[in-house]
Amino acid sequence: MSSFVPGHFGEYPPPLGEGPSHPERPQDPGQTSIIISEMPHVAVNTILAILYFVITLLFRFATNTAPDPLDDTLQALGEELSHAEQTQNPGERQITEVQQLVITAIHATDLTLGLRRIPAGFHVAIKVDGAEFQTSNKAVQVDQAVVEWNVCIPLPREPSSIVRFSVYASFEPGPMHCHGEVLRRFEISVRELLDRSENSQCIIFQPKQGDIVSPCTSLFMALEQRPSDDKNATVLCSLTTLTSCGMDILMLRTDAGHRLRARYCRMQNSGDLDQSIKHFEHALDLCPMDHPYRSAALFNLAKTKFICCQANGTYLDLDIPINLFQHALDLRPTGHPDRPITQLYLAIAQLSRFVNEAEELLSKVLEVFHAISHSYKAALLAIEASTLHLAASTAANDLGQERPAASIFPLSPDQLAHRAERCLQTDDPHALDEVISHFYDALGYYNAMHACRGHLLGNLGLMLGIRFERRGNAEDLDQAITLLIEALDIIPVGHLDRPMSLNNLAKQLSARYGHRGNAEDLDQAIALQFEALALHQVSHSDRLILSNNLAERLSTRFDHRGNAEDLNQAIALQTEALALLPVGHTYHPPLLSNLSNHLSTRFDYRGDVEDLKKAIALQREALALCPVGHINRPMSLTNLANQLAIRFQHRGDDEDLDEGVALQTETLALCPVSHTARPLVLNNLAIQLSIRFYHRGNAEDLDEAIVLDREALALRSVGQTARSSSLLNLALRLSTRFDHQGNPEDLDEAIALHRETLVLCPVGHLSRPKSLTDLAFRLSTRFNHQGNAKDLDEAIALNRDVLALCPVGHTDRCMSLNDLADQLSARFDHRGNVEDLNESREHLHCVLTLLAQHDVGQLKAHAHASLALVYLSFYQSGLDSTSLGEDTGSLNAAMHHFKEAANVVAGGFLRRLRVSLLWVHYSSQHSHSTELEAYATSMQLLDAHMSATASVSSRRSAMKGFPRLLAANAASCALRSGDIRRAVELLEQGRTIIWTQMTRLRMPLDSLQTRGDHAVTLMKRFRDLSSLLDKPPASHADGTSRIHVDAEATRYSRAVEEWNGVVDEIRKIQGFSRFLLPPLFSDLEDAARDGPIIVLIASHSSCDAIIIPPKQPPISIQLPTNLEKICRLAIELREAVEKEACPKGNQPALTKVLRKLWDDVVRPVVKNLDGFAPRGSRIWWCPTSLFNFLPLHAAGEYRENGESLSQQYISSYTPSLTALMRARRSHDSCPSVAFAAIGQNHPDGASFTLDDVEPELESVQRLLPPPPTVSFTKITSADATKSRALRAL
């Protein structure tokens, strides 16, 4: 009888995501299920395990870390050489003409440290003045720490001459036809060599990057000065004089083969092994039958072929390496230095076929090698392993177990299941391959009629599925599905194991859907899981697992098709699963987390803040069930932090952001350095800190994030699958710091990290397109800052590679075309090659054509904006016309595309606003007819963006990035076109936004809170949908289906439609008819009912005044000044006030400023007030921009019989017309008006007292109506502080 053992929730690693905006969800409980048979345990191992053990010994000794043999960029010298160590001035060292400086001895330590292969020996190559010298090849014993070569190598007499050293491990002790594996490579001057020799100071090497230890920890060279006519010295021959063209090729081929094979042993990339075989085959072709190096070429090829058989499990192909080893042995007769090592490898290869012959060879090896040599130990262990295998086989026969006639036995189903479970707990690719190989062996042994075949098929299918998850080979996934279908056919309806078999097949079909996007796979997976769920009653213990898994499948289908019913059903299933759990069940926290994630997804889809609110509440409940010390607490902390990050992005509440950082910090404390999840936690905390940096601008947050990313990278050594994500995260953070601080070292390091990431994504890798795109973008950034055209050329080449990986129909083709077009346009700007500009325009038109079929709003807006800039380049360069600037067709096209980009609703407010500002800039620069429309669009988008921003701090941050004079410039543009009313409307719209933000008042939208529940719902829905549309476009992984893209486009379209509908509903509420629209002048002119209003406008083009008289058309006056003069006048005023603060005596500087203010601003206005305002009446000033800093009411000639404003009119101020009307409405509706009079008769730091402050305040009080009409408050003297005044207001 057999049983299924479903995986437990707690056994899965916590879903510690790489980014807070899309938190990872816990893995499906029970989806990776291992079937454990209850057959009697058979203690029989296979000869394959023996081979694996011995090969591991031969190719992985001394340590588990090793350098990358293909990385020739070695650390030149250790820490000691990075400092000034010379004991004397460089100019003091001289080598006389009669002396010859020679190297007499070389000492190297720890040469075998960290190597994965047993070398035959080691040697040193020295390059001097174009010649290369090489020492003899010396073998090293197990306990030998130092290797010494006695040599005589002449050095140049010039102390500054450079000597280059390379230390190699060789793999044949006889005549060498290649260098071998490079261990260390560095260069040093003759002067420093001599200094070190005289001081007995060796060169210390640090471990290479990513290594704990590395071979060759130090090197020492002994030097002597000898007479130049010494005829007795024996000098090493220069290799450069002994090699021929054919030998050079042979050496290069062999070296390349060794390096690739060494890298395969470390990285397990089958492509390296295949390339290594090709190089060794080419080397063998260069060695005919009588060639002295043919035996070495045969031996190298044999070793690599043997490794290939082991790696691929093609044990029937072992005849090939065995024959090659045999041919090599025939060419190495008794006495040949390489004969024993050849016998050793031949024996190990024969262990799987000819055990007796292998043991005989191994005995001969033991007779030749020294007892402390590595080869001796390898041979001894091989014999012992073979003996254990024979003993196990004998025991199996004694027990009467069924076995095949061959000498290779499969493991029992129980053994295979237990090995598979152990394999799942590690990330060892060798162990996984070995387990799968054993499963295949067992299937070949247990025929179709055997009772355990169904279990073997199911478990092998699961292991192949896991190997697909780890390596991405689609053949594994297809084979897994085939095997699971066969297993399901064997298990009849009604069998207890059928539900889990259905679940396992559904998991693999779902994985294939995620890989290829075939909707039939996902539909079939969901159908299978529905069948599995129907086979269990509500009370069945496995039902909650199946409900959870089905919910995950439905959620996946929703992600790709956008059918809300799937998501709702997934939430219902998760809710049912939670209801099935008794209080205190171990599955409770992860199921709470899963339901929370689905609710969060529905919030992303619908924007209903209640879903997000409930998702956070569920995560808090899950965290409460995981107290300190609970195994799932880190996961719960991270999930809650991610949900809070989503809410922060939606609302901008600082408390959510700070709590998220605190939660991630606690998670990190629970994951010490040895914890497997620490790199993920480090990354999550780094992301939270980065978000806080973007929000607050505190550089310490970004610096700390970079430190965390560096630690995460250090914990993911070369070869780990997650290293690429750590490289990318650190690169992104360094790029951000470069963008804000401009340190080119950050950008250079980021580019280097992107290059390393790209190396980890070879051709065919799913992440290669994104890696290419990231590197291209950073190179383009460096070009923009440093101007090196090579960076731009490489960026374009990389973008072309991306485009080649995104053929027609690919989900990311539009994005790839757009990126390439942007780079080509940049290169045109740099070089002026019209072909680049034409190609850029062609690509962008193609993007818009594709988006017409599959609309992705934000990308469409970007494409229109890019195309607008391309047409501007055509116009400005005159490429489309006979003379510069005459082609108005290109200019009109540019403005058209700016307009289109700004009006793509799905583009999001912020991006559309930035595009509209470009439209404003270029239409103004070229005096285009759309300039006023561009300003109007920008004002409307700024209003919408601020209205959709919920928190005051977020609004303040948003305002920093936009021009302060936008409203004034818009009004000035309207005045130039002769539309005074439009100027007032635009200026009022902008002034209302700015003044509201400055005073931290509520935005107009906030007042909906007092208009009933329906209005409040509309307000929340407007902000939710605006936040949804402002999210950046998703980046699709390679292979994402068109259905997924279409579903995303459909969701955007629905969101746009709903947003438009919500705006229409808000405008139906009384007082909101002009929501997100500029106010109408017909409504604003009522502000002048009690006296004319003078609006002062200071823009880049002119300074103007608009007089709005009561019930008459407005008039405009161009003032005889400009923005620069007004700015200078404001500065002079401030200086005069500081200089002449004392109220007594003359104030010539202040008088001069007030006279100029009268002449340039106030007098032109007063001259035009006749007929609108009788002398002595009240006028209202509405200053903008720099006019706010000038005391308009005090302007005058300040000379005898001179004019002044205060003599003619009573001046009052208002920040906007809307503010004045709102104040009057408030006054009319309030029976009592609060009035605060604040005066300070002794200003802080002043040496005088203002005697008339108190009497003046009393006079003011006497002029006011008595209570209760006016509630008067007077604050003077010591009470007149900032805090007291704020309380009174």
# chains A, B, ... in the order shown; residues from 1 in each chain; ligands from 1

$ residues_around --residues "Leu913 in chain A" --least-positions-apart "5" --cutoff "9 Å" --atoms "only C-alpha atoms" --output "CSV table (one decimal) with N, CA, C and O atoms, in the first residue's frame"
chain,number,residue,atom,x,y,z
A,902,ALA,N,-0.4,64.0,-24.2
A,902,ALA,CA,-1.0,64.6,-23.0
A,902,ALA,C,-2.4,64.2,-22.8
A,902,ALA,O,-2.9,64.3,-21.7
A,908,GLY,N,-1.8,58.2,-17.2
A,908,GLY,CA,-1.6,58.7,-15.8
A,908,GLY,C,-1.3,60.2,-15.7
A,908,GLY,O,-0.7,60.8,-16.6
A,918,LEU,N,6.4,69.7,-21.8
A,918,LEU,CA,7.3,69.8,-23.0
A,918,LEU,C,6.5,70.5,-24.1
A,918,LEU,O,7.1,71.3,-24.9
A,937,THR,N,-4.0,72.7,-21.1
A,937,THR,CA,-3.9,71.3,-20.8
A,937,THR,C,-3.0,71.0,-19.6
A,937,THR,O,-3.3,70.2,-18.7
A,938,SER,N,-1.9,71.8,-19.5
A,938,SER,CA,-1.0,71.6,-18.3
A,938,SER,C,-1.6,72.0,-17.0
A,938,SER,O,-1.5,71.3,-16.0
A,939,MET,N,-2.4,73.1,-17.1
A,939,MET,CA,-3.1,73.6,-15.9
A,939,MET,C,-4.1,72.5,-15.4
A,939,MET,O,-4.3,72.2,-14.2
A,940,GLN,N,-4.8,72.0,-16.4
A,940,GLN,CA,-5.9,71.0,-16.1
A,940,GLN,C,-5.3,69.7,-15.5
A,940,GLN,O,-5.8,69.2,-14.5
A,941,LEU,N,-4.1,69.3,-16.0
A,941,LEU,CA,-3.5,68.1,-15.5
A,941,LEU,C,-2.8,68.3,-14.2
A,941,LEU,O,-2.8,67.4,-13.3
A,942,LEU,N,-2.3,69.5,-13.9
A,942,LEU,CA,-1.8,69.8,-12.6
A,942,LEU,C,-2.9,69.8,-11.6
A,942,LEU,O,-2.7,69.2,-10.5
A,945,HIS,N,-3.8,66.1,-11.0
A,945,HIS,CA,-2.8,65.4,-10.3
A,945,HIS,C,-2.8,65.8,-8.8
A,945,HIS,O,-2.7,64.9,-7.9

$ residues_around --residues "Leu867 in chain A" --least-positions-apart "6" --cutoff "8 Å" --atoms "only C-alpha atoms" --output "number ranges by chain"
A: 841, 844-845, 894, 897

$ closest_residue --among "A:His785, A:Arg1023, A:Arg259, A:Arg184" --to "Arg606 in chain A" --atoms "only C-alpha atoms"
A:Arg1023

$ residues_around --residues "Glu985 in chain A" --least-positions-apart "3" --cutoff "7 Å" --atoms "only C-alpha atoms" --output "PyMOL selection string"
chain A and resi 981-982+988-989+1078-1081

$ residues_around --residues "Thr1121 in chain A" --least-positions-apart "5" --cutoff "10 Å" --atoms "only C-alpha atoms" --output "ChimeraX atom specification"
/A:1098,1102-1104,1126,1157,1159-1161

$ select_by_dssp --residues "range 496-591 of chain A" --states "alpha helix (DSSP H)" --output "ChimeraX atom specification"
/A:498-516,519-534,543-561,564-580,588-591

$ residues_around --residues "Pro807 in chain A" --least-positions-apart "4" --cutoff "12 Å" --atoms "only C-alpha atoms" --output "NGL selection string"
:A and (769 or 800-803 or 811-817 or 1038-1039)

$ residues_around --residues "Gln144 in chain A" --least-positions-apart "3" --cutoff "9 Å" --atoms "only C-alpha atoms" --output "ChimeraX atom specification"
/A:109-110,140-141,147

$ write_last_selection --atoms "C-alpha atoms" --output "PDB file, in the first residue's frame"
ATOM      1  CA  THR A 109      52.552  28.597  -1.196  1.00  0.00           C
ATOM      2  CA  ASP A 110      49.166  26.819  -1.030  1.00  0.00           C
ATOM      3  CA  VAL A 140      52.671  18.658  -5.246  1.00  0.00           C
ATOM      4  CA  GLN A 141      51.856  16.219  -2.467  1.00  0.00           C
ATOM      5  CA  VAL A 147      56.760  24.678  -4.069  1.00  0.00           C
TER       6      VAL A 147
END

$ closest_residue --among "A:Arg755, A:Leu670, A:Pro762, A:Lys613" --to "Ser636 in chain A" --atoms "only C-alpha atoms"
A:Leu670

$ closest_residue --among "A:Ser160, A:Ser1026, A:Thr1218, A:Thr736" --to "Ala1087 in chain A" --atoms "only C-alpha atoms"
A:Thr1218
